[in-house]
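Visitor: I am sharing model-v6.cif, which consists of mmCIF, C-alpha atoms and all ligand atoms:
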data_start
#
loop_
_atom_site.label_atom_id
_atom_site.label_comp_id
_atom_site.auth_asym_id
_atom_site.auth_seq_id
_atom_site.Cartn_x
_atom_site.Cartn_y
_atom_site.Cartn_z
CA MET A 9 -78.21 13.96 -23.49
CA LYS A 10 -76.36 17.05 -24.56
CA ILE A 11 -75.01 19.74 -22.26
CA PRO A 12 -75.66 23.46 -22.94
CA VAL A 13 -72.21 25.08 -23.01
CA LEU A 14 -71.42 28.79 -23.23
CA GLU A 15 -67.66 28.88 -22.79
CA ILE A 16 -64.69 26.53 -22.73
CA PHE A 17 -61.35 28.13 -21.93
CA GLY A 18 -57.97 27.71 -20.26
CA PRO A 19 -55.64 26.61 -19.00
CA THR A 20 -55.70 29.36 -16.44
CA ILE A 21 -55.67 29.54 -12.68
CA GLN A 22 -58.72 29.01 -10.54
CA GLY A 23 -59.34 32.41 -9.00
CA GLU A 24 -61.67 31.38 -6.21
CA GLY A 25 -62.34 29.06 -3.31
CA MET A 26 -60.82 25.78 -2.21
CA VAL A 27 -58.50 25.28 -5.19
CA ILE A 28 -57.47 28.90 -5.66
CA GLY A 29 -54.33 29.16 -7.77
CA ARG A 30 -54.75 25.71 -9.28
CA LYS A 31 -54.12 25.30 -12.99
CA THR A 32 -57.43 24.36 -14.56
CA MET A 33 -59.60 24.46 -17.66
CA PHE A 34 -63.14 25.90 -17.45
CA VAL A 35 -66.40 24.64 -18.89
CA ARG A 36 -69.19 27.15 -18.36
CA THR A 37 -72.71 25.83 -18.72
CA ALA A 38 -75.78 27.91 -19.58
CA GLY A 39 -78.77 28.39 -17.31
CA CYS A 40 -79.32 29.29 -13.68
CA ASP A 41 -82.23 28.95 -11.27
CA TYR A 42 -81.10 32.13 -9.47
CA SER A 43 -80.78 35.75 -10.62
CA CYS A 44 -78.32 37.28 -8.17
CA SER A 45 -78.20 41.08 -8.23
CA TRP A 46 -74.40 41.11 -8.58
CA CYS A 47 -74.00 38.04 -10.79
CA ASP A 48 -70.79 38.32 -12.82
CA SER A 49 -72.02 35.80 -15.39
CA LYS A 50 -75.53 37.07 -16.14
CA PHE A 51 -74.94 36.19 -19.77
CA THR A 52 -75.39 32.52 -18.77
CA TRP A 53 -79.05 33.03 -17.88
CA ASP A 54 -80.38 36.42 -19.04
CA GLY A 55 -80.85 35.41 -22.68
CA SER A 56 -78.29 37.93 -23.98
CA GLU A 57 -76.07 35.15 -25.36
CA LYS A 58 -78.58 32.44 -26.07
CA GLU A 59 -77.41 32.30 -29.69
CA SER A 60 -73.95 31.27 -28.47
CA ILE A 61 -75.09 28.24 -26.46
CA GLN A 62 -73.73 25.03 -27.93
CA MET A 63 -75.44 21.74 -27.16
CA MET A 64 -72.53 19.33 -26.72
CA GLU A 65 -72.03 15.67 -25.91
CA PRO A 66 -69.45 14.94 -23.18
CA ALA A 67 -67.05 13.63 -25.88
CA GLU A 68 -67.39 16.89 -27.83
CA ILE A 69 -66.62 18.90 -24.68
CA PHE A 70 -63.60 16.71 -24.03
CA ASN A 71 -62.39 17.22 -27.61
CA SER A 72 -62.84 20.97 -27.31
CA LEU A 73 -60.92 21.01 -24.01
CA THR A 74 -58.00 19.18 -25.60
CA ASP A 75 -58.16 21.31 -28.77
CA ILE A 76 -57.76 24.42 -26.61
CA GLY A 77 -55.64 23.11 -23.74
CA GLY A 78 -53.66 20.36 -25.49
CA ASN A 79 -52.16 17.99 -22.94
CA LYS A 80 -51.23 20.83 -20.60
CA PHE A 81 -53.97 20.34 -18.00
CA GLY A 82 -55.12 17.77 -15.45
CA HIS A 83 -58.04 19.59 -13.87
CA VAL A 84 -61.34 20.91 -15.21
CA THR A 85 -63.72 23.27 -13.41
CA ILE A 86 -67.38 23.07 -14.33
CA SER A 87 -69.04 26.39 -13.64
CA GLY A 88 -72.10 28.32 -14.75
CA GLY A 89 -74.79 29.46 -14.38
CA ASN A 90 -75.69 26.52 -12.23
CA PRO A 91 -74.31 23.23 -13.61
CA ALA A 92 -76.29 21.41 -10.91
CA LEU A 93 -79.40 21.86 -13.06
CA LEU A 94 -77.92 19.32 -15.49
CA LYS A 95 -78.26 15.62 -14.76
CA GLN A 96 -76.30 14.85 -17.93
CA ILE A 97 -73.03 16.25 -16.55
CA ASP A 98 -72.59 12.80 -15.02
CA GLY A 99 -71.19 11.52 -18.33
CA LEU A 100 -68.69 14.39 -18.58
CA VAL A 101 -67.37 13.75 -15.05
CA ASP A 102 -66.88 10.06 -15.89
CA LEU A 103 -65.16 10.83 -19.19
CA LEU A 104 -62.74 13.28 -17.58
CA HIS A 105 -61.92 10.77 -14.86
CA GLU A 106 -61.26 8.10 -17.52
CA HIS A 107 -58.54 10.45 -18.78
CA GLN A 108 -57.14 10.98 -15.25
CA ILE A 109 -58.43 14.54 -15.20
CA GLU A 110 -59.78 15.82 -11.89
CA VAL A 111 -63.06 17.72 -11.78
CA ALA A 112 -64.18 20.74 -9.78
CA LEU A 113 -67.71 22.10 -9.55
CA GLU A 114 -69.10 25.48 -8.52
CA THR A 115 -72.77 25.61 -7.52
CA GLN A 116 -74.92 27.57 -5.11
CA GLY A 117 -76.35 24.44 -3.48
CA SER A 118 -79.94 24.81 -4.62
CA ARG A 119 -80.16 21.42 -6.39
CA TRP A 120 -78.76 17.95 -5.76
CA GLN A 121 -77.34 15.65 -8.41
CA THR A 122 -76.01 12.15 -7.73
CA TRP A 123 -72.86 12.93 -9.77
CA PHE A 124 -71.81 15.40 -7.04
CA THR A 125 -70.38 12.40 -5.15
CA LYS A 126 -67.79 11.89 -7.91
CA VAL A 127 -66.57 15.50 -8.05
CA ASP A 128 -63.02 15.94 -6.71
CA ASP A 129 -63.35 19.56 -5.55
CA LEU A 130 -66.89 20.71 -4.96
CA THR A 131 -67.63 24.28 -3.90
CA LEU A 132 -71.07 25.05 -2.52
CA SER A 133 -71.59 28.78 -2.69
CA PRO A 134 -74.90 29.71 -1.03
CA LYS A 135 -75.82 33.28 -1.81
CA PRO A 136 -75.96 35.93 0.93
CA PRO A 137 -78.74 38.56 1.33
CA SER A 138 -77.07 41.13 -0.96
CA SER A 139 -77.73 38.78 -3.88
CA GLY A 140 -81.49 39.20 -3.42
CA MET A 141 -81.82 35.41 -3.29
CA GLU A 142 -83.08 33.30 -0.41
CA THR A 143 -81.30 30.11 0.63
CA ASN A 144 -83.40 26.97 0.89
CA PHE A 145 -81.75 25.51 3.97
CA THR A 146 -83.72 22.26 3.73
CA THR A 147 -82.06 21.61 0.36
CA LEU A 148 -78.64 22.78 1.52
CA ASP A 149 -78.85 20.58 4.65
CA PHE A 150 -79.74 17.62 2.45
CA ILE A 151 -76.84 18.24 0.04
CA ILE A 152 -74.29 18.66 2.82
CA GLU A 153 -75.49 15.53 4.60
CA LYS A 154 -75.26 13.51 1.36
CA LEU A 155 -71.78 14.83 0.63
CA HIS A 156 -70.60 14.04 4.15
CA LYS A 157 -71.77 10.46 3.71
CA GLU A 158 -71.11 9.72 0.05
CA GLN A 159 -68.67 12.05 -1.63
CA ASP A 160 -65.34 10.59 -2.77
CA GLY A 161 -63.65 13.97 -3.17
CA HIS A 162 -63.51 17.16 -1.12
CA PHE A 163 -66.13 19.81 -0.64
CA SER A 164 -66.26 23.24 0.94
CA LEU A 165 -68.51 26.24 1.41
CA LYS A 166 -67.86 29.69 0.02
CA VAL A 167 -69.75 32.89 0.81
CA VAL A 168 -69.18 36.11 -1.10
CA ILE A 169 -69.29 39.14 1.17
CA PHE A 170 -70.48 42.59 0.14
CA ASP A 171 -71.79 44.04 3.41
CA GLU A 172 -72.51 43.46 7.10
CA GLU A 173 -75.67 41.47 6.43
CA ASP A 174 -73.65 39.10 4.27
CA LEU A 175 -71.15 38.70 7.08
CA ALA A 176 -73.99 37.82 9.47
CA TYR A 177 -75.18 35.27 6.90
CA ALA A 178 -71.67 33.78 6.80
CA GLU A 179 -71.79 33.44 10.60
CA GLN A 180 -75.08 31.58 10.26
CA ILE A 181 -73.59 29.24 7.64
CA HIS A 182 -70.50 28.59 9.77
CA GLU A 183 -72.62 27.84 12.83
CA ARG A 184 -74.91 25.50 10.89
CA TYR A 185 -72.11 23.56 9.15
CA PRO A 186 -69.13 23.85 11.52
CA SER A 187 -67.27 20.87 10.09
CA VAL A 188 -67.25 22.18 6.51
CA THR A 189 -64.34 24.42 5.52
CA LEU A 190 -65.69 27.91 4.90
CA PHE A 191 -64.12 30.41 2.52
CA LEU A 192 -65.14 34.05 2.58
CA GLN A 193 -64.54 36.04 -0.55
CA VAL A 194 -64.61 39.73 -1.31
CA GLY A 195 -67.47 40.66 -3.63
CA ASN A 196 -66.84 42.64 -6.78
CA ASP A 197 -69.62 45.24 -7.14
CA ASN A 198 -67.90 47.08 -9.97
CA LEU A 199 -68.66 44.74 -12.85
CA GLU A 200 -68.63 47.54 -15.43
CA ALA A 201 -65.10 48.74 -14.61
CA ASN A 202 -62.76 48.62 -17.62
CA GLU A 203 -59.84 50.24 -15.90
CA ASN A 204 -57.96 47.49 -14.09
CA GLU A 205 -55.81 49.70 -11.89
CA SER A 206 -58.63 51.54 -10.13
CA LEU A 207 -60.61 48.29 -9.84
CA LEU A 208 -57.57 46.63 -8.26
CA SER A 209 -57.06 49.34 -5.65
CA ASP A 210 -60.79 49.27 -4.85
CA LEU A 211 -60.78 45.47 -4.48
CA LEU A 212 -57.61 45.48 -2.37
CA GLU A 213 -59.18 48.01 -0.02
CA LYS A 214 -62.30 45.84 0.27
CA TYR A 215 -60.15 42.74 0.89
CA GLU A 216 -58.29 44.47 3.69
CA LYS A 217 -61.57 45.65 5.26
CA LEU A 218 -63.01 42.14 5.08
CA ILE A 219 -59.90 40.72 6.73
CA ASP A 220 -60.21 43.32 9.51
CA ARG A 221 -63.90 42.52 10.07
CA VAL A 222 -63.26 38.77 10.18
CA MET A 223 -60.27 39.08 12.52
CA GLU A 224 -62.38 40.86 15.12
CA ASN A 225 -65.31 38.45 14.73
CA LYS A 226 -65.76 35.96 17.56
CA LEU A 227 -68.00 33.60 15.59
CA LEU A 228 -65.88 33.36 12.45
CA LYS A 229 -62.96 31.55 14.00
CA ASP A 230 -62.18 28.78 11.54
CA VAL A 231 -62.54 30.49 8.17
CA ARG A 232 -60.32 31.46 5.24
CA VAL A 233 -60.55 34.91 3.69
CA LEU A 234 -59.76 35.07 0.01
CA PRO A 235 -59.68 37.63 -2.77
CA GLN A 236 -61.34 36.79 -6.09
CA LEU A 237 -57.86 36.38 -7.50
CA HIS A 238 -58.57 36.54 -11.23
CA THR A 239 -60.21 39.97 -10.92
CA TYR A 240 -57.01 41.28 -9.28
CA LEU A 241 -55.03 40.09 -12.28
CA TRP A 242 -57.39 40.58 -15.21
CA GLY A 243 -60.20 42.81 -13.95
CA ASN A 244 -63.61 41.97 -15.42
CA LYS A 245 -62.19 40.34 -18.55
CA ARG A 246 -63.91 37.11 -19.60
CA GLY A 247 -62.34 33.82 -20.65
CA VAL A 248 -59.19 34.11 -18.53
FE1 LIG A 301 -75.08 34.19 -11.16
FE2 LIG A 301 -74.18 32.19 -9.66
FE3 LIG A 301 -76.19 33.75 -8.82
FE4 LIG A 301 -76.59 32.03 -10.82
S1 LIG A 301 -76.09 31.54 -8.68
S2 LIG A 301 -77.28 34.16 -10.74
S3 LIG A 301 -74.61 32.15 -11.87
S4 LIG A 301 -74.06 34.37 -9.17
#
Can you turn what I pasted into structure tokens?
Ligand code: SF4

Guide:
Amino acid sequence: MKIPVLEIFGPTIQGEGMVIGRKTMFVRTAGCDYSCSWCDSKFTWDGSEKESIQMMEPAEIFNSLTDIGGNKFGHVTISGGNPALLKQIDGLVDLLHEHQIEVALETQGSRWQTWFTKVDDLTLSPKPPSSGMETNFTTLDFIIEKLHKEQDGHFSLKVVIFDEEDLAYAEQIHERYPSVTLFLQVGNDNLEANENESLLSDLLEKYEKLIDRVMENKLLKDVRVLPQLHTYLWGNKRGV
């Protein structure tokens, strides 16, 4: 079964979460079961780029990765949209592993796939209230329990923070899953900004405020506070 792909690019650094700074290639799949208000990849699900979706076999994706990245990479991040909608990613994970390439996944934790257990670096990023989405905690509980029992690699939680309600949501997540490493990340609500310098100063200010709020928080003891690194370097530019 073919995989709907919107972008393949890299090598670049991972700008978010548990493997921030890691050299990686990206495969961005099309389609999402959510419609977050601040989604920075709406083009994966809003139909605006449906003409650009390529239906690709795992081998074709692998060939495209090596055409673009040569032999300069050892890590591939599968992102979306929500790649967890796609059962057929199983074959891509296996193929990358056959070539000694590690695999990372970014998903909001709304769907389970058995191939999650083979992912080396899995980020579950449940969406806070500012997204307008509601977390299905029955599903998230199930996924986290399965990963605890069966996953070969590592997994973590990441919550993007835009406001106080989101911070309260992060507290709830931390309390519910205390043994899972939790990353908090500053949200970028200026997706239209073309001017990198003013975006950077705005994001730095937000990062500092988030750090301050977390430092004074009694419930968020064992968390890591991260910027969305690629936006600090390249603003809202795509494919970097
Ligand atoms: Fe966008 Fe991710 Fe939300 Fe889907 S889950 S709408 S890709 S932010």

Visitor: Would you write out, as JSON lines, a table of all residues in chain A that have an atom no more than 6 Å from an atom of ligand LIG 301 (chain A), listing for each the closest atom pair and the distance in Å to one decimal, considering only C-alpha atoms and all ligand atoms and ordering rows by chain and rising residue number?

Guide:
{"residue": "A:Cys40", "atom": "CA", "partner": "A:LIG301", "partner_atom": "FE4", "distance": 4.8}
{"residue": "A:Tyr42", "atom": "CA", "partner": "A:LIG301", "partner_atom": "S2", "distance": 4.5}
{"residue": "A:Ser43", "atom": "CA", "partner": "A:LIG301", "partner_atom": "S2", "distance": 3.8}
{"residue": "A:Cys44", "atom": "CA", "partner": "A:LIG301", "partner_atom": "FE3", "distance": 4.2}
{"residue": "A:Cys47", "atom": "CA", "partner": "A:LIG301", "partner_atom": "S4", "distance": 4.0}
{"residue": "A:Ser49", "atom": "CA", "partner": "A:LIG301", "partner_atom": "FE1", "distance": 5.5}
{"residue": "A:Lys50", "atom": "CA", "partner": "A:LIG301", "partner_atom": "FE1", "distance": 5.8}
{"residue": "A:Gly88", "atom": "CA", "partner": "A:LIG301", "partner_atom": "S3", "distance": 5.4}
{"residue": "A:Gly89", "atom": "CA", "partner": "A:LIG301", "partner_atom": "S3", "distance": 3.7}
{"residue": "A:Asn90", "atom": "CA", "partner": "A:LIG301", "partner_atom": "S3", "distance": 5.7}
{"residue": "A:Gln116", "atom": "CA", "partner": "A:LIG301", "partner_atom": "S1", "distance": 5.5}

Visitor: Output C-alpha atoms for every residue in the selection just made, as a PDB file, in the frame of the given file.

Guide:
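The resulting result36.pdb:
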ATOM      1  CA  CYS A  40     -79.320  29.290 -13.680  1.00  0.00           C
ATOM      2  CA  TYR A  42     -81.100  32.130  -9.470  1.00  0.00           C
ATOM      3  CA  SER A  43     -80.780  35.750 -10.620  1.00  0.00           C
ATOM      4  CA  CYS A  44     -78.320  37.280  -8.170  1.00  0.00           C
ATOM      5  CA  CYS A  47     -74.000  38.040 -10.790  1.00  0.00           C
ATOM      6  CA  SER A  49     -72.020  35.800 -15.390  1.00  0.00           C
ATOM      7  CA  LYS A  50     -75.530  37.070 -16.140  1.00  0.00           C
ATOM      8  CA  GLY A  88     -72.100  28.320 -14.750  1.00  0.00           C
ATOM      9  CA  GLY A  89     -74.790  29.460 -14.380  1.00  0.00           C
ATOM     10  CA  ASN A  90     -75.690  26.520 -12.230  1.00  0.00           C
ATOM     11  CA  GLN A 116     -74.920  27.570  -5.110  1.00  0.00           C
TER      12      GLN A 116
END

Visitor: Point out the residue among A:Phe70, A:Phe124, A:Phe145, A:Trp46 with the least atom-to-atom distance to Asn196 in chain A, counting all atoms listed in the file.

Guide: A:Trp46

Visitor: Skipping near chain neighbours, those fewer than 2 positions away, what residues fall within 12 Å of Ile69 in chain A using all atoms listed in the file, listed as an MDAnalysis selection string?

Guide: chainID A and resid 10:17 33:37 62:67 71:77 84 86 97 99:101 103:104

Visitor: Neighbouring residues of Leu165 in chain A were defined as those with any atom within 10 Å, considering only C-alpha atoms; residues of the same chain fewer than 3 positions away were excluded. Please report them as a list in words.

Guide: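 These residues fall inside the cut-off: Gly25, Met26, Glu114, Thr115, Gln116, Gly117, Leu130, Thr131, Leu132, Ser133, Pro134, Ile152, Ala178, Ile181, His182, Tyr185, Val188, Thr189, Leu190, Phe191, Leu192 and Val231 of chain A.
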
Visitor: Can you write just those residues out, C-alpha atoms, as a short mmCIF file (atom, residue, chain, number, x, y, z; two decimals), keeping the file's coordinate frame?

Guide:
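again_29.cif was written with the following content:
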data_model
loop_
_atom_site.label_atom_id
_atom_site.label_comp_id
_atom_site.auth_asym_id
_atom_site.auth_seq_id
_atom_site.Cartn_x
_atom_site.Cartn_y
_atom_site.Cartn_z
CA GLY A 25 -62.34 29.06 -3.31
CA MET A 26 -60.82 25.78 -2.21
CA GLU A 114 -69.10 25.48 -8.52
CA THR A 115 -72.77 25.61 -7.52
CA GLN A 116 -74.92 27.57 -5.11
CA GLY A 117 -76.35 24.44 -3.48
CA LEU A 130 -66.89 20.71 -4.96
CA THR A 131 -67.63 24.28 -3.90
CA LEU A 132 -71.07 25.05 -2.52
CA SER A 133 -71.59 28.78 -2.69
CA PRO A 134 -74.90 29.71 -1.03
CA ILE A 152 -74.29 18.66 2.82
CA ALA A 178 -71.67 33.78 6.80
CA ILE A 181 -73.59 29.24 7.64
CA HIS A 182 -70.50 28.59 9.77
CA TYR A 185 -72.11 23.56 9.15
CA VAL A 188 -67.25 22.18 6.51
CA THR A 189 -64.34 24.42 5.52
CA LEU A 190 -65.69 27.91 4.90
CA PHE A 191 -64.12 30.41 2.52
CA LEU A 192 -65.14 34.05 2.58
CA VAL A 231 -62.54 30.49 8.17
#

Visitor: Which residue is closest to Leu241 in chain A? Choose from A:Ser187, A:Ser209, A:Thr146, A:Ser118 and count all atoms listed in the file.

Guide: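 Ranking A:Ser187, A:Ser209, A:Thr146, A:Ser118 by distance to Leu241 in chain A, first place goes to A:Ser209.
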
Visitor: Could you state the separation of CA of Val168 in chain A and CA of Gln193 in chain A in Å, given to one decimal place?

Guide: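 Going from CA of Val168 in chain A over to CA of Gln193 in chain A covers 4.7 Å.
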
Visitor: Mind listing whatever residues come within 10 Å of the point (-54.8, 34.1, -18.3)? Use all atoms listed in the file, file coordinates, and give them as a compact mmCIF listing (two decimals) with C-alpha atoms, in the coordinates of the input.

Guide:
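Final file, point-v1.txt:
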# COMPACT_ATOMS: atom_id res chain seq x y z
CA PHE A 17 -61.35 28.13 -21.93
CA GLY A 18 -57.97 27.71 -20.26
CA PRO A 19 -55.64 26.61 -19.00
CA THR A 20 -55.70 29.36 -16.44
CA ILE A 21 -55.67 29.54 -12.68
CA HIS A 238 -58.57 36.54 -11.23
CA LEU A 241 -55.03 40.09 -12.28
CA TRP A 242 -57.39 40.58 -15.21
CA LYS A 245 -62.19 40.34 -18.55
CA ARG A 246 -63.91 37.11 -19.60
CA GLY A 247 -62.34 33.82 -20.65
CA VAL A 248 -59.19 34.11 -18.53

Visitor: Taking into account all atoms listed in the file, which residue in the set A:Glu24, A:Glu183, A:Asp197, A:Glu224 is nearest to Phe170 in chain A?

Guide: A:Asp197

Visitor: Nearest to Tyr240 in chain A: which of A:Leu227, A:Ile28, A:Leu211, A:Leu148 is it, counting all atoms listed in the file?

Guide: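 Result for the nearest residue to Tyr240 in chain A: A:Leu211.
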
Visitor: With a distance cut-off of 9 Å and only C-alpha atoms, select the neighbouring residues of Gly23 in chain A, excluding the residue or stretch itself and same-chain residues fewer than 3 positions from it, and output the selection as a PyMOL selection string.

Guide: chain A and resi 20+27-30+235-239

Visitor: Just the number, please: distance in Å from CA of Ile61 in chain A to CA of Gly39 in chain A, one decimal.

Guide: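 Answer for the CA of Ile61 in chain A to CA of Gly39 in chain A separation: 9.9 Å.
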
Visitor: For range 52-63 of chain A, I'd like the enclosing box, axis-aligned and padded by 8 Å on every side, reported as lines of an AutoDock Vina configuration file with centre and edge lengths in Å to one decimal.

Guide:
center_x = -77.3
center_y = 29.8
center_z = -23.8
size_x = 23.1
size_y = 32.2
size_z = 27.8

Visitor: Residues within 9 Å of Gly82 in chain A, please, as a ChimeraX atom specification. Count only C-alpha atoms; anything in the same chain fewer than 3 positions from it doesn't count.

Guide: /A:31-33,79,107-111

Visitor: Between A:Val167, A:Gln22, A:Met223, A:Asn144, which one has atoms that come closest to Ala112 in chain A, using all atoms listed in the file?

Guide: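 For Ala112 in chain A, the nearest of the candidates is A:Gln22.
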
Visitor: Got a minute to add N, CA and C atoms to range 83-96 of chain A and dump it as a compact mmCIF listing (two decimals), keeping the file's coordinate frame?

Guide:
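Contents of the output file selection19.txt:
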# COMPACT_ATOMS: atom_id res chain seq x y z
N HIS A 83 -56.94 19.18 -14.76
CA HIS A 83 -58.04 19.59 -13.87
C HIS A 83 -59.02 20.44 -14.67
N VAL A 84 -60.31 20.15 -14.51
CA VAL A 84 -61.34 20.91 -15.21
C VAL A 84 -62.37 21.40 -14.20
N THR A 85 -62.69 22.68 -14.27
CA THR A 85 -63.72 23.27 -13.41
C THR A 85 -65.00 23.45 -14.21
N ILE A 86 -66.07 22.89 -13.69
CA ILE A 86 -67.38 23.07 -14.33
C ILE A 86 -68.11 24.17 -13.56
N SER A 87 -68.43 25.23 -14.28
CA SER A 87 -69.04 26.39 -13.64
C SER A 87 -70.25 26.84 -14.46
N GLY A 88 -70.92 27.90 -14.01
CA GLY A 88 -72.10 28.32 -14.75
C GLY A 88 -72.28 29.82 -14.67
N GLY A 89 -73.56 30.21 -14.60
CA GLY A 89 -74.79 29.46 -14.38
C GLY A 89 -74.72 28.48 -13.21
N ASN A 90 -75.67 27.58 -13.24
CA ASN A 90 -75.69 26.52 -12.23
C ASN A 90 -75.63 25.16 -12.91
N PRO A 91 -74.44 24.54 -12.96
CA PRO A 91 -74.31 23.23 -13.61
C PRO A 91 -75.13 22.15 -12.91
N ALA A 92 -75.53 22.41 -11.65
CA ALA A 92 -76.29 21.41 -10.91
C ALA A 92 -77.70 21.23 -11.45
N LEU A 93 -78.09 22.06 -12.42
CA LEU A 93 -79.40 21.86 -13.06
C LEU A 93 -79.34 20.70 -14.04
N LEU A 94 -78.12 20.23 -14.36
CA LEU A 94 -77.92 19.32 -15.49
C LEU A 94 -77.52 17.92 -15.04
N LYS A 95 -78.49 17.03 -15.11
CA LYS A 95 -78.26 15.62 -14.76
C LYS A 95 -77.18 15.01 -15.65
N GLN A 96 -77.16 15.47 -16.92
CA GLN A 96 -76.30 14.85 -17.93
C GLN A 96 -74.81 15.17 -17.76
